[in-house]
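What follows is the content of coords_31.txt, which has compact mmCIF, C-alpha atoms:
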```txt
# COMPACT_ATOMS: atom_id res chain seq x y z
CA MET A 1 0.00 0.00 0.00
CA ILE A 2 2.88 2.35 0.79
CA ALA A 3 4.36 1.64 -2.64
CA ALA A 4 1.02 2.48 -4.28
CA LEU A 5 0.77 5.78 -2.40
CA ILE A 6 4.31 7.01 -3.08
CA ARG A 7 4.61 5.72 -6.67
CA PRO A 8 3.40 8.97 -8.38
CA SER A 9 5.91 11.09 -6.39
CA ARG A 10 9.57 11.70 -7.23
CA LEU A 11 10.63 9.47 -4.35
CA GLY A 12 8.36 6.71 -5.63
CA ARG A 13 9.69 7.00 -9.17
CA PHE A 14 13.25 6.86 -7.83
CA LEU A 15 12.66 3.86 -5.57
CA LEU A 16 10.21 1.85 -7.65
CA THR A 17 11.09 2.52 -11.30
CA VAL A 18 13.63 0.49 -13.26
CA GLU A 19 14.49 1.70 -16.77
CA SER A 20 15.16 -0.97 -19.36
CA ASN A 21 16.68 1.50 -21.87
CA GLY A 22 15.27 -0.58 -24.70
CA GLU A 23 17.36 -3.63 -23.76
CA GLY A 24 14.42 -5.76 -22.62
CA VAL A 25 13.30 -6.91 -19.19
CA LEU A 26 14.90 -10.37 -19.27
CA LYS A 27 18.46 -9.06 -19.21
CA LYS A 28 20.64 -9.70 -16.17
CA LYS A 29 21.30 -5.98 -15.73
CA TYR A 30 17.59 -5.13 -15.58
CA LEU A 31 16.79 -7.97 -13.17
CA THR A 32 19.66 -6.97 -10.90
CA LYS A 33 18.44 -3.37 -10.79
CA GLY A 34 14.92 -4.59 -10.06
CA LEU A 35 16.14 -6.70 -7.15
CA ILE A 36 18.09 -3.77 -5.73
CA LYS A 37 15.04 -1.52 -6.02
CA THR A 38 12.87 -3.99 -4.08
CA LEU A 39 15.30 -4.30 -1.16
CA PRO A 40 14.06 -1.11 0.60
CA VAL A 41 10.46 -2.30 0.30
CA ILE A 42 11.37 -5.71 1.73
CA ALA A 43 13.33 -4.05 4.54
CA LEU A 44 10.43 -1.73 5.39
CA ALA A 45 7.94 -4.61 5.41
CA SER A 46 10.26 -6.64 7.64
CA LEU A 47 10.60 -3.75 10.10
CA ILE A 48 6.83 -3.28 10.28
CA TRP A 49 6.35 -7.01 10.86
CA TYR A 50 9.05 -7.05 13.57
CA PHE A 51 7.74 -4.04 15.50
CA LEU A 52 4.16 -5.34 15.34
CA ASN A 53 5.27 -8.65 16.84
CA ILE A 54 7.24 -7.11 19.71
CA SER A 55 4.74 -4.35 20.50
CA LEU A 56 1.50 -6.34 20.37
CA ASN A 57 0.59 -8.77 23.12
CA LYS A 58 -1.62 -11.83 22.72
CA GLU A 59 -4.83 -9.87 23.31
CA ASN A 60 -3.89 -7.22 20.75
CA LEU A 61 -2.99 -9.91 18.22
CA ASN A 62 -6.45 -11.41 18.65
CA ASP A 63 -7.95 -7.96 18.00
CA LEU A 64 -5.81 -7.68 14.86
CA LYS A 65 -7.04 -11.09 13.72
CA LEU A 66 -10.62 -9.94 14.30
CA ILE A 67 -9.98 -6.84 12.16
CA LEU A 68 -8.59 -9.01 9.38
CA ALA A 69 -11.58 -11.34 9.67
CA MET A 70 -13.95 -8.40 9.28
CA MET A 71 -11.86 -7.34 6.30
CA PHE A 72 -12.67 -10.67 4.65
CA ILE A 73 -16.38 -9.90 4.89
CA ALA A 74 -15.75 -6.41 3.50
CA MET A 75 -13.71 -7.81 0.62
CA SER A 76 -16.47 -10.31 -0.19
CA LEU A 77 -18.88 -7.38 -0.37
CA PHE A 78 -16.37 -5.52 -2.54
CA GLN A 79 -16.05 -8.55 -4.81
CA GLY A 80 -19.79 -8.49 -5.45
CA LEU A 81 -19.69 -4.77 -6.18
CA THR A 82 -16.70 -5.14 -8.51
CA LEU A 83 -18.28 -7.90 -10.58
CA THR A 84 -21.52 -5.94 -10.81
CA VAL A 85 -19.68 -2.81 -11.95
CA GLY A 86 -18.07 -4.86 -14.71
CA TRP A 87 -21.49 -5.88 -16.04
CA ILE A 88 -22.72 -2.28 -15.74
CA GLU A 89 -19.88 -1.13 -17.99
CA TYR A 90 -20.74 -3.92 -20.43
CA GLY A 91 -24.37 -2.77 -20.44
CA LYS A 92 -23.34 0.78 -21.28
CA LYS A 93 -21.44 -0.50 -24.30
CA ILE A 94 -24.25 -2.64 -25.72
CA ARG A 95 -27.22 -0.35 -25.06
CA GLY A 96 -28.98 0.97 -28.14
CA PRO A 97 -32.27 2.71 -28.92
CA ALA A 98 -35.21 2.53 -26.53
CA ARG A 99 -36.73 -0.96 -26.61
CA ASP A 100 -39.24 -2.77 -24.43
CA SER A 101 -38.01 -5.34 -21.96
CA ARG A 102 -38.89 -8.95 -22.70
CA SER A 103 -40.63 -9.59 -19.42
CA GLY A 104 -43.74 -11.51 -20.37
CA VAL A 105 -44.32 -15.11 -19.34
CA ASN A 106 -42.12 -17.03 -21.75
CA GLN A 107 -38.91 -14.98 -21.52
CA PRO A 108 -38.48 -15.25 -17.71
CA LEU A 109 -39.04 -19.00 -17.91
CA PHE A 110 -36.59 -19.18 -20.82
CA ARG A 111 -33.93 -17.38 -18.77
CA ILE A 112 -34.46 -19.74 -15.84
CA VAL A 113 -34.20 -22.80 -18.11
CA ILE A 114 -30.98 -21.43 -19.64
CA SER A 115 -29.59 -20.90 -16.13
CA LEU A 116 -30.37 -24.50 -15.21
CA LEU A 117 -28.83 -25.79 -18.45
CA LEU A 118 -25.64 -23.83 -17.76
CA LEU A 119 -25.42 -24.97 -14.14
CA ALA A 120 -26.40 -28.63 -14.70
CA PRO A 121 -23.01 -29.69 -16.20
CA LEU A 122 -21.20 -27.98 -13.32
CA VAL A 123 -23.42 -29.75 -10.80
CA TRP A 124 -22.72 -33.05 -12.55
CA TRP A 125 -18.97 -32.40 -12.65
CA PHE A 126 -18.43 -30.93 -9.18
CA GLY A 127 -21.36 -32.40 -7.28
CA TYR A 128 -21.38 -35.94 -8.63
CA GLY A 129 -17.74 -36.24 -9.63
CA ALA A 130 -18.64 -36.64 -13.33
CA VAL A 131 -20.32 -40.01 -12.73
CA ASN A 132 -23.86 -41.22 -13.35
CA PRO A 133 -26.18 -39.45 -10.85
CA SER A 134 -28.26 -42.62 -10.58
CA ASN A 135 -25.30 -44.25 -8.83
CA ALA A 136 -25.11 -41.49 -6.19
CA ASN A 137 -26.60 -41.93 -2.74
CA PHE A 138 -29.95 -40.43 -1.75
CA SER A 139 -28.51 -37.59 0.35
CA THR A 140 -26.33 -36.35 -2.53
CA ASN A 141 -29.32 -36.27 -4.87
CA VAL A 142 -31.39 -34.38 -2.29
CA VAL A 143 -28.65 -31.80 -1.70
CA TRP A 144 -28.25 -30.96 -5.38
CA PHE A 145 -31.97 -31.11 -6.10
CA ILE A 146 -32.47 -28.48 -3.39
CA PHE A 147 -29.75 -26.36 -5.01
CA LEU A 148 -31.42 -26.46 -8.43
CA MET A 149 -34.82 -25.66 -6.90
CA THR A 150 -33.18 -22.73 -5.11
CA ILE A 151 -31.99 -21.41 -8.47
CA VAL A 152 -35.53 -21.69 -9.87
CA PHE A 153 -36.97 -19.84 -6.87
CA LEU A 154 -34.34 -17.10 -7.08
CA GLY A 155 -34.97 -16.77 -10.82
CA LEU A 156 -38.69 -16.17 -10.29
CA LEU A 157 -38.01 -13.82 -7.38
CA MET A 158 -35.40 -11.77 -9.25
CA GLU A 159 -37.61 -11.45 -12.34
CA ARG A 160 -40.21 -9.73 -10.18
CA TYR A 161 -37.62 -7.80 -8.14
CA THR A 162 -35.96 -6.24 -11.21
CA LYS A 163 -39.03 -5.88 -13.45
CA SER A 164 -39.58 -2.15 -12.81
CA SER A 165 -35.86 -1.41 -13.34
CA ARG A 166 -35.95 -3.03 -16.79
CA GLU A 167 -39.19 -1.40 -17.92
CA GLY A 168 -38.42 2.28 -17.35
CA ALA A 169 -39.19 4.93 -19.95
CA GLY A 170 -36.46 5.70 -22.48
CA VAL A 171 -34.25 2.72 -21.64
CA ASP A 172 -33.01 -0.15 -23.76
CA GLY A 173 -34.97 -2.95 -22.10
CA VAL A 174 -33.32 -5.65 -24.20
CA ALA A 175 -29.84 -4.58 -23.06
CA LEU A 176 -31.05 -4.41 -19.46
CA ASP A 177 -32.48 -7.92 -19.77
CA ARG A 178 -29.07 -9.14 -20.88
CA VAL A 179 -27.23 -7.33 -18.09
CA TYR A 180 -29.73 -8.68 -15.55
CA PHE A 181 -29.22 -12.24 -16.79
CA LEU A 182 -25.43 -11.92 -16.66
CA ILE A 183 -25.56 -10.59 -13.09
CA PHE A 184 -27.98 -13.36 -12.14
CA ILE A 185 -25.96 -16.19 -13.69
CA THR A 186 -22.75 -14.84 -12.12
CA SER A 187 -24.39 -14.78 -8.70
CA CYS A 188 -25.72 -18.31 -9.31
CA TRP A 189 -22.19 -19.44 -10.09
CA HIS A 190 -21.03 -17.96 -6.76
CA LEU A 191 -23.90 -19.75 -5.03
CA LEU A 192 -22.74 -22.98 -6.65
CA SER A 193 -19.19 -22.31 -5.45
CA SER A 194 -20.50 -21.66 -1.94
CA TRP A 195 -22.76 -24.72 -2.01
CA ARG A 196 -20.06 -27.13 -3.09
CA ARG A 197 -17.69 -25.80 -0.41
CA ALA A 198 -20.22 -26.39 2.35
CA PRO A 199 -19.41 -29.18 4.86
CA PHE A 200 -22.35 -31.31 3.69
CA THR A 201 -21.21 -31.47 0.03
CA VAL A 202 -17.41 -31.61 -0.11
CA ASP A 203 -14.29 -33.08 1.39
CA GLN A 204 -12.87 -30.12 3.28
CA SER A 205 -9.26 -31.03 2.43
CA SER A 206 -9.79 -30.74 -1.31
CA VAL A 207 -6.69 -29.29 -2.97
CA GLY A 208 -8.55 -28.61 -6.21
CA LEU A 209 -10.94 -26.22 -4.47
CA PHE A 210 -8.00 -24.34 -2.96
CA ILE A 211 -6.42 -23.89 -6.40
CA GLU A 212 -9.76 -22.80 -7.85
CA GLU A 213 -10.23 -20.27 -5.05
CA SER A 214 -6.80 -18.79 -5.78
CA ILE A 215 -7.68 -18.39 -9.46
CA LEU A 216 -11.05 -16.82 -8.65
CA MET A 217 -9.50 -14.32 -6.28
CA SER A 218 -6.86 -13.44 -8.86
CA ILE A 219 -9.63 -12.61 -11.35
CA THR A 220 -11.37 -10.47 -8.73
CA ILE A 221 -8.14 -8.60 -7.98
CA VAL A 222 -7.63 -7.89 -11.68
CA LEU A 223 -11.20 -6.54 -11.94
CA ALA A 224 -10.73 -4.44 -8.80
CA VAL A 225 -7.48 -2.96 -10.11
CA TRP A 226 -9.11 -2.25 -13.48
CA SER A 227 -12.03 -0.51 -11.77
CA LEU A 228 -9.77 1.58 -9.54
CA SER A 229 -7.50 2.49 -12.44
CA LYS A 230 -10.45 3.58 -14.57
CA LYS A 231 -11.87 5.77 -11.81
CA GLY A 232 -8.40 7.13 -11.08
CA ILE A 233 -7.96 8.24 -14.70
CA LYS A 234 -11.47 9.72 -14.80
CA ARG A 235 -11.06 11.72 -11.58
CA GLY A 236 -7.35 12.48 -11.84
CA TRP A 237 -6.24 10.36 -8.87
CA LYS A 238 -2.64 9.45 -9.66
CA ILE A 239 -2.38 6.98 -6.77
CA PHE A 240 -4.77 4.67 -8.67
CA GLN A 241 -3.13 5.00 -12.09
CA GLY A 242 -0.34 3.16 -13.87
CA GLN A 243 1.96 1.06 -11.71
CA SER A 244 0.22 2.24 -8.53
CA ALA A 245 -2.79 0.16 -9.59
CA ILE A 246 -0.55 -2.93 -9.71
CA PHE A 247 0.67 -2.27 -6.17
CA TRP A 248 -2.95 -1.93 -5.04
CA GLY A 249 -3.64 -5.33 -6.60
CA VAL A 250 -0.78 -6.92 -4.65
CA CYS A 251 -2.06 -5.19 -1.51
CA PHE A 252 -5.57 -6.58 -2.01
CA GLY A 253 -4.20 -10.06 -2.61
CA LEU A 254 -2.14 -10.07 0.59
CA ALA A 255 -5.01 -8.58 2.59
CA TYR A 256 -7.37 -11.26 1.26
CA CYS A 257 -5.00 -14.09 2.18
CA GLY A 258 -4.53 -12.67 5.68
CA SER A 259 -8.24 -12.11 6.21
CA VAL A 260 -9.16 -15.64 5.07
CA SER A 261 -6.60 -17.26 7.35
CA SER A 262 -7.62 -15.05 10.30
CA LEU A 263 -11.32 -15.82 9.94
CA THR A 264 -10.53 -19.53 9.59
CA VAL A 265 -8.47 -19.49 12.81
CA LEU A 266 -11.01 -17.45 14.78
CA SER A 267 -13.96 -19.59 13.70
CA GLU A 268 -11.95 -22.80 14.21
CA GLY A 269 -13.33 -23.99 10.89
CA SER A 270 -11.81 -25.06 7.60
CA LEU A 271 -10.54 -22.94 4.76
CA MET A 272 -13.26 -24.21 2.44
CA THR A 273 -16.03 -23.26 4.88
CA THR A 274 -14.59 -19.77 5.15
CA THR A 275 -14.47 -19.30 1.38
CA ALA A 276 -18.00 -20.72 1.14
CA ILE A 277 -19.17 -17.87 3.37
CA GLY A 278 -17.34 -15.40 1.13
CA HIS A 279 -18.98 -16.71 -2.04
CA ALA A 280 -22.41 -16.62 -0.40
CA ILE A 281 -21.91 -12.98 0.62
CA THR A 282 -20.78 -12.07 -2.90
CA ALA A 283 -23.83 -13.73 -4.46
CA ILE A 284 -26.25 -12.05 -2.03
CA VAL A 285 -24.71 -8.63 -2.69
CA MET A 286 -25.01 -9.04 -6.47
CA LEU A 287 -28.65 -10.10 -6.23
CA ALA A 288 -29.53 -7.36 -3.75
CA ILE A 289 -28.08 -4.47 -5.75
CA CYS A 290 -29.25 -5.75 -9.14
CA PRO A 291 -32.03 -3.11 -9.56
CA ILE A 292 -29.57 -0.34 -8.66
CA ALA A 293 -27.05 -1.77 -11.14
CA LEU A 294 -29.64 -1.82 -13.92
CA SER A 295 -30.52 1.81 -13.24
CA ARG A 296 -26.82 2.71 -13.52
CA VAL A 297 -26.71 1.41 -17.09
CA GLY A 298 -28.61 4.57 -17.99
CA LEU A 299 -30.93 5.75 -20.73
CA SER A 300 -30.92 4.46 -24.26
CA GLU A 301 -28.20 5.77 -26.56
CA GLU A 302 -30.55 7.85 -28.71
CA LEU A 303 -32.31 9.52 -25.76
CA GLU A 304 -29.02 10.27 -24.03
CA GLU A 305 -27.64 11.96 -27.16
CA ARG A 306 -30.88 13.94 -27.48
CA LEU A 307 -30.72 15.14 -23.87
CA GLU A 308 -27.04 16.13 -23.86
CA PRO A 309 -27.42 19.31 -25.97
CA SER A 310 -30.47 20.44 -23.99
CA GLU A 311 -28.55 20.19 -20.73
CA HIS A 312 -25.74 22.43 -21.93
CA SER A 313 -27.69 25.01 -23.94
CA LEU A 314 -30.69 27.27 -23.37
CA THR A 315 -33.48 28.11 -25.77
CA PRO A 316 -34.02 31.79 -26.76
CA GLU A 317 -37.10 31.98 -24.51
CA GLN A 318 -35.13 30.62 -21.54
CA SER A 319 -32.33 33.12 -22.24
CA ALA A 320 -34.85 35.98 -22.30
CA ARG A 321 -36.30 34.84 -18.98
CA VAL A 322 -32.84 34.70 -17.44
CA GLU A 323 -32.11 38.24 -18.66
CA GLU A 324 -35.46 39.49 -17.31
CA SER A 325 -34.84 37.91 -13.92
CA GLY A 326 -31.37 39.43 -13.89
CA ASP A 327 -32.80 42.91 -14.63
CA ASP A 328 -35.39 42.50 -11.88
CA ASP A 329 -32.65 41.59 -9.42
CA ILE A 330 -30.71 44.73 -10.39
CA VAL A 331 -33.79 46.92 -9.88
CA GLU A 332 -34.41 45.38 -6.48
CA LEU A 333 -30.81 46.05 -5.47
CA VAL A 334 -31.03 49.68 -6.60
CA ASP A 335 -34.30 50.21 -4.72
```

Do you think you could lay out the structure here as structure tokens?
Amino acid sequence: MIAALIRPSRLGRFLLTVESNGEGVLKKKYLTKGLIKTLPVIALASLIWYFLNISLNKENLNDLKLILAMMFIAMSLFQGLTLTVGWIEYGKKIRGPARDSRSGVNQPLFRIVISLLLLAPLVWWFGYGAVNPSNANFSTNVVWFIFLMTIVFLGLLMERYTKSSREGAGVDGVALDRVYFLIFITSCWHLLSSWRRAPFTVDQSSVGLFIEESILMSITIVLAVWSLSKKGIKRGWKIFQGQSAIFWGVCFGLAYCGSVSSLTVLSEGSLMTTTAIGHAITAIVMLAICPIALSRVGLSEELEERLEPSEHSLTPEQSARVEESGDDDIVELVD
């Protein structure tokens, strides 16, 4: 985090920038310079770690673990927001002229069926181990049947919950339908990830799930860095631009690892149970803010272009009224 904050300054450029001079980054000279540049950062991190260990007693360390555990919940919330923002940006790119949303009877059922068809192979692969479901025991079939019925229930609920957001005046309802479905299927995928990490569905020592979780968090970090970098460029915040964004990504990754381990230790549970909670939080956040996300996609492209000139210019009648009101104010001041 310190590297991300000081990177835009002269000190940051001096400490954290290595020039290749057109010779490439795989040369011994460049790698040696890079190693030398990282030594102060490693030394600073080591000093912070050392002083924290000698200054904090056991009770304070438990408080620090609790803070990191709460950070895991916050980062799960942030993950849901980040994924939703990504689909909002996609919606802004695909929106067109004003069109009605396809929210009759057939289209909602079609979207639910598509969701089940997309999730069914994953359930077969992860839930049944890619074997014939008829050979599975009764409890396994019940667990995954409940999951699929949960998806159907959520599909019907979300269709009603987001209906007004997709049927507003002057919006591209077709684009909003697509964004809604993408948010919904992403949240369903997180629910699947949470479900299969639960104690009643998985061996808690699964190495494959740990590798998958690492990949998923890497994707989230990339999306978070992209979102921060984009906002930093838009608002002129240099600490979120360029290489600073990369340092923020490393910071998020380390914070996530620490928060997961802290929550696992405090809850005396397994790593998979902890990540299951995180996936459930992410899915709930995405479903809860879906109407807000759809409203952020904005008006249709044609209506937005039509409104832009009217916001920045006044008609002759409005100009005359402004002049009249200005004259009246002058008269009142003179009186």

Task: Using only C-alpha atoms: which of A:Ser115, A:Thr274, A:Ser139, A:Thr84 has the shortest distance to Cys188 of chain A - done: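 Between A:Ser115, A:Thr274, A:Ser139, A:Thr84, the residue approaching Cys188 of chain A most closely is A:Ser115.
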
Using only C-alpha atoms, find each residue of segment 60-135 of chain A with at least one atom at most 8 Å away from an atom of segment 149-162 of chain A; report its shortest atom-to-atom pair and that distance in Å (one decimal), sort the rows by chain and rising residue number, and return the result as a tab-separated table.
```
residue	atom	partner	partner_atom	distance
A:Ser103	CA	A:Glu159	CA	7.9
A:Pro108	CA	A:Glu159	CA	6.6
A:Ile112	CA	A:Gly155	CA	5.9
A:Leu116	CA	A:Ile151	CA	7.6
```

Export C-alpha atoms of the chosen residues as a short mmCIF file (atom, residue, chain, number, x, y, z; two decimals), keeping the file's coordinate frame?
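Written file, result33.cif:
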```
data_model
loop_
_atom_site.label_atom_id
_atom_site.label_comp_id
_atom_site.auth_asym_id
_atom_site.auth_seq_id
_atom_site.Cartn_x
_atom_site.Cartn_y
_atom_site.Cartn_z
CA SER A 103 -40.63 -9.59 -19.42
CA PRO A 108 -38.48 -15.25 -17.71
CA ILE A 112 -34.46 -19.74 -15.84
CA LEU A 116 -30.37 -24.50 -15.21
#
```

Open item on the list: I'd like the contact shell of Ala276 of chain A - 8 Å cut-off, all atoms listed in the file, skipping same-chain residues fewer than 2 positions apart - returned as a list in words.
Closed with: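 Final neighbour list, sorted by chain and number: Ser193, Ser194, Trp195, Arg196, Arg197, Ala198, Met272, Thr273, Thr274, Gly278, His279 and Ala280 of chain A.
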
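If you look at atom CA of Leu271 of chain A and atom CA of Leu119 of chain A, they are 24.1 Å away from each other.
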
Task: Separation of atom CA of Lys92 of chain A from atom CA of Val297 of chain A, in Å and rounded to one decimal - done: 5.4 Å

Open item on the list: as a list in words, please: the residues near Arg102 of chain A (cut-off 12 Å, all atoms listed in the file, same-chain neighbours under 3 positions excluded).
Closed with: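 Residues near the query, excluding close chain neighbours: Arg99, Val105, Asn106, Gln107, Pro108, Leu109, Phe110, Arg111, Glu159, Lys163, Arg166, Glu167, Asp172, Gly173, Val174, Ala175, Leu176, Asp177, Arg178, Tyr180 and Phe181 of chain A.
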
Task: Neighbour list for Ala74 of chain A as a list in words, cut-off 12 Å, only C-alpha atoms, skip fewer than 5 positions in-chain - done: Ile67, Leu68, Ala69, Gln79, Gly80, Leu81, Phe252, Ala255, Tyr256, Ser259, Val260, Ile277, Gly278, Ile281, Thr282 and Val285 of chain A

- [ ] Calculate how many Å separate atom CA of Leu287 of chain A from atom CA of Cys257 of chain A, rounding to one decimal.
- [x]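 Taking atom CA of Leu287 of chain A and atom CA of Cys257 of chain A, their separation equals 25.4 Å.
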
Task: Contact residues around Ser165 of chain A with all atoms listed in the file at 8 Å, ignoring same-chain residues under 6 positions, as a ChimeraX atom specification - done: /A:291-292,294-295

Based on the selection just made, write C-alpha atoms of those residues as a short mmCIF file (atom, residue, chain, number, x, y, z; two decimals), in the coordinates of the input.
```
data_model
loop_
_atom_site.label_atom_id
_atom_site.label_comp_id
_atom_site.auth_asym_id
_atom_site.auth_seq_id
_atom_site.Cartn_x
_atom_site.Cartn_y
_atom_site.Cartn_z
CA PRO A 291 -32.03 -3.11 -9.56
CA ILE A 292 -29.57 -0.34 -8.66
CA LEU A 294 -29.64 -1.82 -13.92
CA SER A 295 -30.52 1.81 -13.24
#
```

Around segment 33-36 of chain A, fit a box with edges along x, y and z, padding it by 6 Å on each side, then list its centre and edge lengths in Å to one decimal as JSON.
```
{"center_x": 16.7, "center_y": -5.0, "center_z": -8.3, "size_x": 15.5, "size_y": 15.3, "size_z": 17.1}
```

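Among the candidates A:Ser164, A:Thr201, A:Met217, A:Ile183, the one nearest to Thr140 of chain A when counting only C-alpha atoms is A:Thr201.
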